[in-house]
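For reference, work_12.pdb is printed below; it contains PDB, C-alpha atoms.
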```
ATOM      1  CA  LEU A   1      29.714 128.423 124.903  1.00  0.00           C
ATOM      2  CA  TYR A   2      30.569 125.161 126.629  1.00  0.00           C
ATOM      3  CA  GLY A   3      33.316 123.749 128.829  1.00  0.00           C
ATOM      4  CA  ASP A   4      35.603 126.337 130.411  1.00  0.00           C
ATOM      5  CA  PRO A   5      34.354 129.220 128.213  1.00  0.00           C
ATOM      6  CA  GLY A   6      30.817 128.390 129.311  1.00  0.00           C
ATOM      7  CA  ASN A   7      31.869 128.351 132.963  1.00  0.00           C
ATOM      8  CA  HIS A   8      33.537 131.742 132.577  1.00  0.00           C
ATOM      9  CA  ALA A   9      30.452 133.133 130.854  1.00  0.00           C
ATOM     10  CA  ARG A  10      28.225 131.902 133.683  1.00  0.00           C
ATOM     11  CA  VAL A  11      30.475 133.613 136.240  1.00  0.00           C
ATOM     12  CA  SER A  12      30.343 136.856 134.256  1.00  0.00           C
ATOM     13  CA  LEU A  13      26.534 136.741 134.114  1.00  0.00           C
ATOM     14  CA  ALA A  14      26.314 135.873 137.812  1.00  0.00           C
ATOM     15  CA  ILE A  15      28.393 138.968 138.649  1.00  0.00           C
ATOM     16  CA  PHE A  16      26.173 141.073 136.381  1.00  0.00           C
ATOM     17  CA  ASP A  17      23.147 139.881 138.326  1.00  0.00           C
ATOM     18  CA  ILE A  18      24.893 140.577 141.658  1.00  0.00           C
ATOM     19  CA  VAL A  19      25.984 144.158 140.855  1.00  0.00           C
ATOM     20  CA  ARG A  20      22.430 145.090 139.843  1.00  0.00           C
ATOM     21  CA  ARG A  21      21.426 144.512 143.480  1.00  0.00           C
ATOM     22  CA  PRO A  22      24.251 146.172 145.462  1.00  0.00           C
ATOM     23  CA  GLY A  23      24.518 145.706 149.193  1.00  0.00           C
ATOM     24  CA  LEU A  24      26.969 145.143 152.007  1.00  0.00           C
ATOM     25  CA  SER A  25      27.382 141.537 150.961  1.00  0.00           C
ATOM     26  CA  LEU A  26      28.380 142.475 147.407  1.00  0.00           C
ATOM     27  CA  PRO A  27      32.117 141.596 147.743  1.00  0.00           C
ATOM     28  CA  ALA A  28      31.329 138.264 149.378  1.00  0.00           C
ATOM     29  CA  GLN A  29      28.801 137.393 146.683  1.00  0.00           C
ATOM     30  CA  ILE A  30      31.272 138.226 143.910  1.00  0.00           C
ATOM     31  CA  PHE A  31      33.942 136.158 145.647  1.00  0.00           C
ATOM     32  CA  ASP A  32      31.548 133.209 145.855  1.00  0.00           C
ATOM     33  CA  ALA A  33      30.599 133.586 142.188  1.00  0.00           C
ATOM     34  CA  THR A  34      34.184 133.624 140.905  1.00  0.00           C
ATOM     35  CA  THR A  35      35.199 130.601 143.032  1.00  0.00           C
ATOM     36  CA  PHE A  36      38.983 130.300 142.493  1.00  0.00           C
ATOM     37  CA  TRP A  37      39.260 132.550 139.402  1.00  0.00           C
ATOM     38  CA  PRO A  38      40.532 136.130 139.817  1.00  0.00           C
ATOM     39  CA  PRO A  39      37.729 138.639 139.124  1.00  0.00           C
ATOM     40  CA  PHE A  40      39.210 141.375 136.919  1.00  0.00           C
ATOM     41  CA  PRO A  41      38.258 140.079 133.419  1.00  0.00           C
ATOM     42  CA  TYR A  42      34.666 139.505 134.538  1.00  0.00           C
ATOM     43  CA  PHE A  43      34.354 143.122 135.657  1.00  0.00           C
ATOM     44  CA  LEU A  44      35.123 144.337 132.142  1.00  0.00           C
ATOM     45  CA  ASN A  45      32.126 142.424 130.848  1.00  0.00           C
ATOM     46  CA  GLN A  46      29.667 144.312 133.041  1.00  0.00           C
ATOM     47  CA  PRO A  47      29.544 147.608 131.060  1.00  0.00           C
ATOM     48  CA  LEU A  48      29.059 145.590 127.854  1.00  0.00           C
ATOM     49  CA  HIS A  49      26.165 143.672 129.385  1.00  0.00           C
ATOM     50  CA  ALA A  50      24.629 146.923 130.608  1.00  0.00           C
ATOM     51  CA  LEU A  51      24.941 148.576 127.165  1.00  0.00           C
ATOM     52  CA  PHE A  52      24.184 145.699 124.790  1.00  0.00           C
ATOM     53  CA  GLY A  53      22.349 143.163 126.895  1.00  0.00           C
ATOM     54  CA  ILE A  54      23.101 139.539 127.681  1.00  0.00           C
ATOM     55  CA  GLY A  55      24.331 137.275 124.914  1.00  0.00           C
ATOM     56  CA  THR A  56      27.185 135.100 123.726  1.00  0.00           C
ATOM     57  CA  ASP A  57      28.482 137.713 121.280  1.00  0.00           C
ATOM     58  CA  VAL A  58      28.522 140.391 123.964  1.00  0.00           C
ATOM     59  CA  THR A  59      30.442 138.120 126.315  1.00  0.00           C
ATOM     60  CA  VAL A  60      33.026 137.142 123.695  1.00  0.00           C
ATOM     61  CA  PHE A  61      33.489 140.764 122.581  1.00  0.00           C
ATOM     62  CA  THR A  62      35.562 141.361 125.720  1.00  0.00           C
ATOM     63  CA  THR A  63      38.115 138.949 124.275  1.00  0.00           C
ATOM     64  CA  THR A  64      38.221 141.048 121.096  1.00  0.00           C
ATOM     65  CA  ILE A  65      39.107 144.114 123.161  1.00  0.00           C
ATOM     66  CA  PHE A  66      41.956 142.244 124.846  1.00  0.00           C
ATOM     67  CA  LEU A  67      43.156 140.954 121.460  1.00  0.00           C
ATOM     68  CA  ALA A  68      43.365 144.524 120.161  1.00  0.00           C
ATOM     69  CA  LEU A  69      45.305 145.624 123.251  1.00  0.00           C
ATOM     70  CA  ALA A  70      47.710 142.688 122.909  1.00  0.00           C
ATOM     71  CA  ILE A  71      48.415 143.515 119.249  1.00  0.00           C
ATOM     72  CA  ILE A  72      48.911 147.229 119.941  1.00  0.00           C
ATOM     73  CA  PHE A  73      51.316 146.717 122.830  1.00  0.00           C
ATOM     74  CA  THR A  74      53.197 143.957 121.021  1.00  0.00           C
ATOM     75  CA  TYR A  75      53.847 146.533 118.305  1.00  0.00           C
ATOM     76  CA  LEU A  76      54.908 149.130 120.890  1.00  0.00           C
ATOM     77  CA  LEU A  77      57.271 146.638 122.528  1.00  0.00           C
ATOM     78  CA  GLY A  78      58.915 145.754 119.223  1.00  0.00           C
ATOM     79  CA  ARG A  79      59.146 149.397 118.174  1.00  0.00           C
ATOM     80  CA  ARG A  80      60.779 150.422 121.434  1.00  0.00           C
ATOM     81  CA  LEU A  81      63.312 147.610 121.315  1.00  0.00           C
ATOM     82  CA  TYR A  82      64.191 147.382 117.620  1.00  0.00           C
ATOM     83  CA  GLY A  83      62.243 149.988 115.619  1.00  0.00           C
ATOM     84  CA  VAL A  84      58.986 150.379 113.717  1.00  0.00           C
ATOM     85  CA  THR A  85      59.600 147.500 111.300  1.00  0.00           C
ATOM     86  CA  ALA A  86      60.255 145.083 114.157  1.00  0.00           C
ATOM     87  CA  GLY A  87      57.127 146.301 115.937  1.00  0.00           C
ATOM     88  CA  LEU A  88      54.928 145.746 112.882  1.00  0.00           C
ATOM     89  CA  LEU A  89      56.422 142.302 112.276  1.00  0.00           C
ATOM     90  CA  ALA A  90      55.965 141.314 115.925  1.00  0.00           C
ATOM     91  CA  ALA A  91      52.330 142.434 115.910  1.00  0.00           C
ATOM     92  CA  PHE A  92      51.672 140.532 112.672  1.00  0.00           C
ATOM     93  CA  LEU A  93      53.281 137.334 113.942  1.00  0.00           C
ATOM     94  CA  PHE A  94      51.442 137.535 117.253  1.00  0.00           C
ATOM     95  CA  SER A  95      48.047 138.022 115.611  1.00  0.00           C
ATOM     96  CA  SER A  96      48.764 135.130 113.211  1.00  0.00           C
ATOM     97  CA  TYR A  97      49.480 132.456 115.833  1.00  0.00           C
ATOM     98  CA  PRO A  98      46.847 129.685 115.637  1.00  0.00           C
ATOM     99  CA  ILE A  99      46.391 129.677 119.435  1.00  0.00           C
ATOM    100  CA  VAL A 100      45.758 133.443 119.413  1.00  0.00           C
ATOM    101  CA  PHE A 101      43.275 133.033 116.575  1.00  0.00           C
ATOM    102  CA  MET A 102      41.416 130.373 118.558  1.00  0.00           C
ATOM    103  CA  LEU A 103      41.444 132.187 121.911  1.00  0.00           C
ATOM    104  CA  SER A 104      40.250 135.448 120.370  1.00  0.00           C
ATOM    105  CA  ARG A 105      37.004 133.823 119.240  1.00  0.00           C
ATOM    106  CA  THR A 106      35.851 132.361 122.522  1.00  0.00           C
ATOM    107  CA  TYR A 107      35.734 133.364 126.176  1.00  0.00           C
ATOM    108  CA  TYR A 108      38.902 132.189 127.884  1.00  0.00           C
ATOM    109  CA  GLN A 109      40.853 134.338 130.334  1.00  0.00           C
ATOM    110  CA  ASP A 110      44.115 133.660 128.496  1.00  0.00           C
ATOM    111  CA  MET A 111      43.691 136.495 125.995  1.00  0.00           C
ATOM    112  CA  ALA A 112      43.198 138.942 128.853  1.00  0.00           C
ATOM    113  CA  LEU A 113      46.329 137.531 130.485  1.00  0.00           C
ATOM    114  CA  ALA A 114      48.321 137.900 127.256  1.00  0.00           C
ATOM    115  CA  ALA A 115      47.210 141.514 126.793  1.00  0.00           C
ATOM    116  CA  LEU A 116      47.904 142.616 130.354  1.00  0.00           C
ATOM    117  CA  THR A 117      51.250 140.802 130.432  1.00  0.00           C
ATOM    118  CA  THR A 118      52.300 142.596 127.235  1.00  0.00           C
ATOM    119  CA  ILE A 119      51.199 145.941 128.674  1.00  0.00           C
ATOM    120  CA  THR A 120      53.128 145.205 131.883  1.00  0.00           C
ATOM    121  CA  PHE A 121      56.344 144.403 130.005  1.00  0.00           C
ATOM    122  CA  TYR A 122      56.005 147.533 127.869  1.00  0.00           C
ATOM    123  CA  LEU A 123      55.561 149.745 130.936  1.00  0.00           C
ATOM    124  CA  MET A 124      58.493 148.002 132.601  1.00  0.00           C
ATOM    125  CA  LEU A 125      60.694 149.043 129.675  1.00  0.00           C
ATOM    126  CA  ARG A 126      59.284 152.568 129.733  1.00  0.00           C
ATOM    127  CA  SER A 127      60.174 152.867 133.426  1.00  0.00           C
ATOM    128  CA  GLU A 128      63.896 152.647 132.461  1.00  0.00           C
ATOM    129  CA  ALA A 129      64.940 150.529 135.440  1.00  0.00           C
ATOM    130  CA  PHE A 130      62.219 152.187 137.555  1.00  0.00           C
ATOM    131  CA  SER A 131      63.808 155.617 137.194  1.00  0.00           C
ATOM    132  CA  GLN A 132      60.742 157.167 135.512  1.00  0.00           C
ATOM    133  CA  ARG A 133      58.098 157.691 138.192  1.00  0.00           C
ATOM    134  CA  ARG A 134      54.990 157.846 136.029  1.00  0.00           C
ATOM    135  CA  ALA A 135      55.867 154.762 133.997  1.00  0.00           C
ATOM    136  CA  THR A 136      56.823 152.915 137.182  1.00  0.00           C
ATOM    137  CA  LEU A 137      53.463 153.688 138.810  1.00  0.00           C
ATOM    138  CA  LEU A 138      51.619 152.533 135.691  1.00  0.00           C
ATOM    139  CA  PHE A 139      53.769 149.396 135.655  1.00  0.00           C
ATOM    140  CA  GLY A 140      52.765 148.632 139.242  1.00  0.00           C
ATOM    141  CA  LEU A 141      49.090 149.146 138.398  1.00  0.00           C
ATOM    142  CA  SER A 142      49.323 146.931 135.333  1.00  0.00           C
ATOM    143  CA  LEU A 143      51.162 144.235 137.277  1.00  0.00           C
ATOM    144  CA  GLY A 144      48.423 144.246 139.913  1.00  0.00           C
ATOM    145  CA  LEU A 145      45.682 143.940 137.284  1.00  0.00           C
ATOM    146  CA  THR A 146      47.593 141.091 135.663  1.00  0.00           C
ATOM    147  CA  ALA A 147      47.649 139.304 139.022  1.00  0.00           C
ATOM    148  CA  LEU A 148      43.866 139.749 139.183  1.00  0.00           C
ATOM    149  CA  THR A 149      43.409 138.145 135.755  1.00  0.00           C
ATOM    150  CA  LYS A 150      44.669 134.572 136.086  1.00  0.00           C
ATOM    151  CA  GLN A 151      46.840 132.637 138.523  1.00  0.00           C
ATOM    152  CA  GLY A 152      49.308 131.718 135.787  1.00  0.00           C
ATOM    153  CA  PHE A 153      50.578 135.299 135.612  1.00  0.00           C
ATOM    154  CA  PHE A 154      53.238 134.401 138.190  1.00  0.00           C
ATOM    155  CA  THR A 155      55.079 132.002 135.890  1.00  0.00           C
ATOM    156  CA  ILE A 156      55.111 134.566 133.056  1.00  0.00           C
ATOM    157  CA  VAL A 157      56.129 137.830 134.699  1.00  0.00           C
ATOM    158  CA  THR A 158      58.374 136.698 137.565  1.00  0.00           C
ATOM    159  CA  GLY A 159      61.564 136.195 135.532  1.00  0.00           C
ATOM    160  CA  PRO A 160      61.522 139.479 133.559  1.00  0.00           C
ATOM    161  CA  VAL A 161      60.462 141.517 136.608  1.00  0.00           C
ATOM    162  CA  LEU A 162      63.254 140.034 138.748  1.00  0.00           C
ATOM    163  CA  VAL A 163      65.771 140.833 136.005  1.00  0.00           C
ATOM    164  CA  ALA A 164      64.520 144.430 135.825  1.00  0.00           C
ATOM    165  CA  VAL A 165      64.683 144.824 139.601  1.00  0.00           C
ATOM    166  CA  GLY A 166      68.198 143.349 139.658  1.00  0.00           C
ATOM    167  CA  MET A 167      69.378 145.731 136.936  1.00  0.00           C
ATOM    168  CA  ALA A 168      67.888 148.688 138.773  1.00  0.00           C
ATOM    169  CA  LEU A 169      69.603 147.671 142.018  1.00  0.00           C
ATOM    170  CA  ALA A 170      72.924 147.126 140.244  1.00  0.00           C
ATOM    171  CA  GLN A 171      72.642 150.551 138.633  1.00  0.00           C
ATOM    172  CA  GLU A 172      72.059 152.221 141.983  1.00  0.00           C
ATOM    173  CA  LEU A 173      74.924 150.320 143.624  1.00  0.00           C
ATOM    174  CA  LEU A 174      77.335 151.303 140.845  1.00  0.00           C
ATOM    175  CA  ARG A 175      76.168 154.908 140.983  1.00  0.00           C
ATOM    176  CA  ALA A 176      76.731 155.005 144.744  1.00  0.00           C
ATOM    177  CA  GLU A 177      80.129 153.307 144.529  1.00  0.00           C
ATOM    178  CA  PHE A 178      81.567 155.454 141.742  1.00  0.00           C
ATOM    179  CA  ALA A 179      79.759 158.732 142.388  1.00  0.00           C
ATOM    180  CA  ALA A 180      82.942 160.429 143.592  1.00  0.00           C
ATOM    181  CA  GLU A 181      85.166 158.916 140.910  1.00  0.00           C
ATOM    182  CA  LYS A 182      86.087 161.061 137.942  1.00  0.00           C
ATOM    183  CA  ARG A 183      87.392 158.099 135.983  1.00  0.00           C
ATOM    184  CA  VAL A 184      85.728 154.739 136.515  1.00  0.00           C
ATOM    185  CA  ILE A 185      88.028 153.020 133.987  1.00  0.00           C
ATOM    186  CA  ASP A 186      91.619 153.744 134.994  1.00  0.00           C
ATOM    187  CA  HIS A 187      93.663 151.268 132.956  1.00  0.00           C
ATOM    188  CA  TYR A 188      95.845 152.100 129.940  1.00  0.00           C
ATOM    189  CA  ILE A 189      95.800 150.687 126.413  1.00  0.00           C
ATOM    190  CA  TYR A 190      99.184 150.073 124.812  1.00  0.00           C
ATOM    191  CA  VAL A 191      99.410 150.072 121.009  1.00  0.00           C
ATOM    192  CA  LEU A 192     102.149 149.093 118.585  1.00  0.00           C
ATOM    193  CA  ALA A 193     101.148 150.674 115.280  1.00  0.00           C
ATOM    194  CA  GLY A 194     102.364 151.506 111.831  1.00  0.00           C
ATOM    195  CA  ASP A 195     100.920 153.407 108.865  1.00  0.00           C
ATOM    196  CA  GLY A 196      98.727 150.520 107.762  1.00  0.00           C
ATOM    197  CA  ASP A 197      97.130 150.271 111.201  1.00  0.00           C
ATOM    198  CA  LEU A 198      96.229 153.913 111.619  1.00  0.00           C
ATOM    199  CA  ARG A 199      95.834 155.596 108.245  1.00  0.00           C
ATOM    200  CA  GLU A 200      92.234 154.466 107.659  1.00  0.00           C
ATOM    201  CA  LEU A 201      91.274 155.238 111.263  1.00  0.00           C
ATOM    202  CA  ILE A 202      92.858 158.656 111.713  1.00  0.00           C
ATOM    203  CA  THR A 203      89.546 160.509 111.277  1.00  0.00           C
ATOM    204  CA  ALA A 204      87.906 158.417 113.993  1.00  0.00           C
ATOM    205  CA  VAL A 205      90.926 158.905 116.245  1.00  0.00           C
ATOM    206  CA  GLU A 206      90.676 162.668 115.871  1.00  0.00           C
ATOM    207  CA  SER A 207      86.927 162.669 116.582  1.00  0.00           C
ATOM    208  CA  LEU A 208      87.492 160.762 119.838  1.00  0.00           C
ATOM    209  CA  HIS A 209      90.400 162.932 120.914  1.00  0.00           C
ATOM    210  CA  ASP A 210      88.905 163.862 124.289  1.00  0.00           C
ATOM    211  CA  ASP A 211      88.331 160.215 125.227  1.00  0.00           C
ATOM    212  CA  LEU A 212      91.720 158.783 124.268  1.00  0.00           C
ATOM    213  CA  GLY A 213      93.802 159.875 127.216  1.00  0.00           C
ATOM    214  CA  SER A 214      94.331 156.257 128.265  1.00  0.00           C
ATOM    215  CA  ILE A 215      95.979 155.194 124.966  1.00  0.00           C
ATOM    216  CA  ILE A 216      99.778 154.893 124.868  1.00  0.00           C
ATOM    217  CA  ALA A 217     100.936 154.251 121.290  1.00  0.00           C
ATOM    218  CA  ARG A 218     104.362 153.270 119.939  1.00  0.00           C
ATOM    219  CA  TYR A 219     104.151 154.438 116.356  1.00  0.00           C
ATOM    220  CA  THR A 220     106.848 154.030 113.682  1.00  0.00           C
ATOM    221  CA  PRO A 221     106.116 156.086 110.548  1.00  0.00           C
ATOM    222  CA  THR A 222     107.236 155.268 107.034  1.00  0.00           C
ATOM    223  CA  ILE A 223     110.210 157.294 105.793  1.00  0.00           C
ATOM    224  CA  GLY A 224     108.993 160.448 104.066  1.00  0.00           C
ATOM    225  CA  ASP A 225     105.612 160.475 105.845  1.00  0.00           C
ATOM    226  CA  ARG A 226     106.518 162.660 108.821  1.00  0.00           C
ATOM    227  CA  ASP A 227     103.430 164.893 108.379  1.00  0.00           C
ATOM    228  CA  PHE A 228     101.153 161.909 108.909  1.00  0.00           C
ATOM    229  CA  ALA A 229     103.207 160.947 111.962  1.00  0.00           C
ATOM    230  CA  ARG A 230     102.676 164.376 113.499  1.00  0.00           C
ATOM    231  CA  LYS A 231      98.938 164.120 112.808  1.00  0.00           C
ATOM    232  CA  VAL A 232      98.743 160.785 114.617  1.00  0.00           C
ATOM    233  CA  ARG A 233     100.719 162.064 117.587  1.00  0.00           C
ATOM    234  CA  SER A 234      98.472 165.104 117.956  1.00  0.00           C
ATOM    235  CA  ALA A 235      95.349 162.942 117.757  1.00  0.00           C
ATOM    236  CA  ILE A 236      96.334 160.472 120.467  1.00  0.00           C
ATOM    237  CA  ALA A 237      98.392 162.745 122.683  1.00  0.00           C
TER
END
```

Would you write the structure of this file as structure tokens?
Amino acid sequence: LYGDPGNHARVSLAIFDIVRRPGLSLPAQIFDATTFWPPFPYFLNQPLHALFGIGTDVTVFTTTIFLALAIIFTYLLGRRLYGVTAGLLAAFLFSSYPIVFMLSRTYYQDMALAALTTITFYLMLRSEAFSQRRATLLFGLSLGLTALTKQGFFTIVTGPVLVAVGMALAQELLRAEFAAEKRVIDHYIYVLAGDGDLRELITAVESLHDDLGSIIARYTPTIGDRDFARKVRSAIA
């Protein structure tokens, strides 16, 4: 490893050496070792070093774990939004990007950032505008871990999170404003209709009978089709 991946690997190994000799100065030593990089991805390397020893392959394997998480949660995002097929296609496209292929085979922090960002967005959707407590708590935890991964997280998550917060606030404001209202929509729909307009839709009209109290229709039936006229009137009355 050389360049930035080599620098990240050296930080990871420095932290491994520090945690083997714990003391009161442990946090300060870790802070000094990471310099300006957030520490979370380096912490995930430590169990691997303890189990498999020190080596380039062991260090890079952390990236493989984050790649797997990114693919899984990309699938879950697509499935939740548009179904299983969309989830599978999204996961395939993500794993096929050249930049993902390159980052998954070295030790950059960007793969960790991609995985945690994807997890954060998935949990944000699961929270349903922060109405589901468990998913909201997990979203907060994931967002915090994303912030501890790389400084660039801010430019990625700020927009979607602000939109979600705005939608949640709007939902609560509307609920508070119209809580006492029995009918939020109070306008009427006026219709001029003949046989050709309604005959193909009469089944749908009947199925929505309870919701059509705001329709006022002026209907002129064809001569000799009075039974159909009565059916229409009963459906939209």

(request) Fewer than 6 positions away in the same chain doesn't count, so skip those; otherwise give me all residues within 9 Å of A:Leu103, counting all atoms listed in the file, as a ChimeraX atom specification. (result) /A:63,67,109-111

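For the pair atom CA of A:Lys150 and atom CA of A:Thr106, the separation is 16.3 Å.
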
(request) Could you pull out every residue with an atom within 10 Å of (27.9, 140.1, 129.6), file coordinates, counting all atoms listed in the file, and send them as a PyMOL selection string? (result) chain A and resi 9-17+42-62

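Closest to A:Leu123 among A:Ile18, A:Leu148, A:Leu93, A:Ala164 is A:Ala164, based on all atoms listed in the file.
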
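Those residues that approach A:Ala115 to within 10 Å, counting all atoms listed in the file, are A:Thr63, A:Ile65, A:Phe66, A:Leu67, A:Ala68, A:Leu69, A:Ala70, A:Ile71, A:Ile72, A:Phe73, A:Thr74, A:Asp110, A:Met111, A:Ala112, A:Leu113, A:Thr117, A:Thr118, A:Ile119, A:Thr120, A:Thr146; same-chain residues fewer than 2 positions away are not listed.
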
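Of note, atom CA of A:Phe130 and atom CA of A:Gly152 are spaced 24.3 Å apart.
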
Report, as AutoDock Vina command-line options, the axis-aligned box around all atoms of stretch 64-70 of chain A present in the file, extended by 3 Å on each side; give centre and edge lengths in Å to one decimal place.
```
--center_x 43.0 --center_y 143.3 --center_z 122.5 --size_x 15.5 --size_y 10.7 --size_z 10.7
```

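Taking atom CA of A:Ala135 and atom CA of A:Thr158 as the two end points, the separation is 18.6 Å.
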
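Taking all atoms listed in the file, the non-local environment of A:Leu89 within 9 Å (same-chain residues fewer than 4 positions away omitted) comprises A:Tyr75, A:Gly78, A:Val84, A:Thr85, A:Leu93, A:Phe94.
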
(message) Please determine, counting all atoms listed in the file, which residue among A:Tyr122, A:Met167, A:Thr64, A:Ala129 has the shortest atom-to-atom distance to A:Met102.
(response) A:Thr64

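Closest approach to A:Glu172 among A:Ser104, A:Phe139, A:Gly6, A:Ser131 is made by A:Ser131 (distances from all atoms listed in the file).
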
(message) Using all atoms listed in the file, can you tell me which of A:Ser96, A:Phe121, A:Leu145, A:Ile30 comes closest to A:Leu162?
(response) A:Phe121

(message) Residues within 9 Å of (58.1, 153.0, 127.7), file coordinates, counting only C-alpha atoms: what are they? Give the list as number ranges by chain.
(response) A: 76-77, 80, 122-128, 135
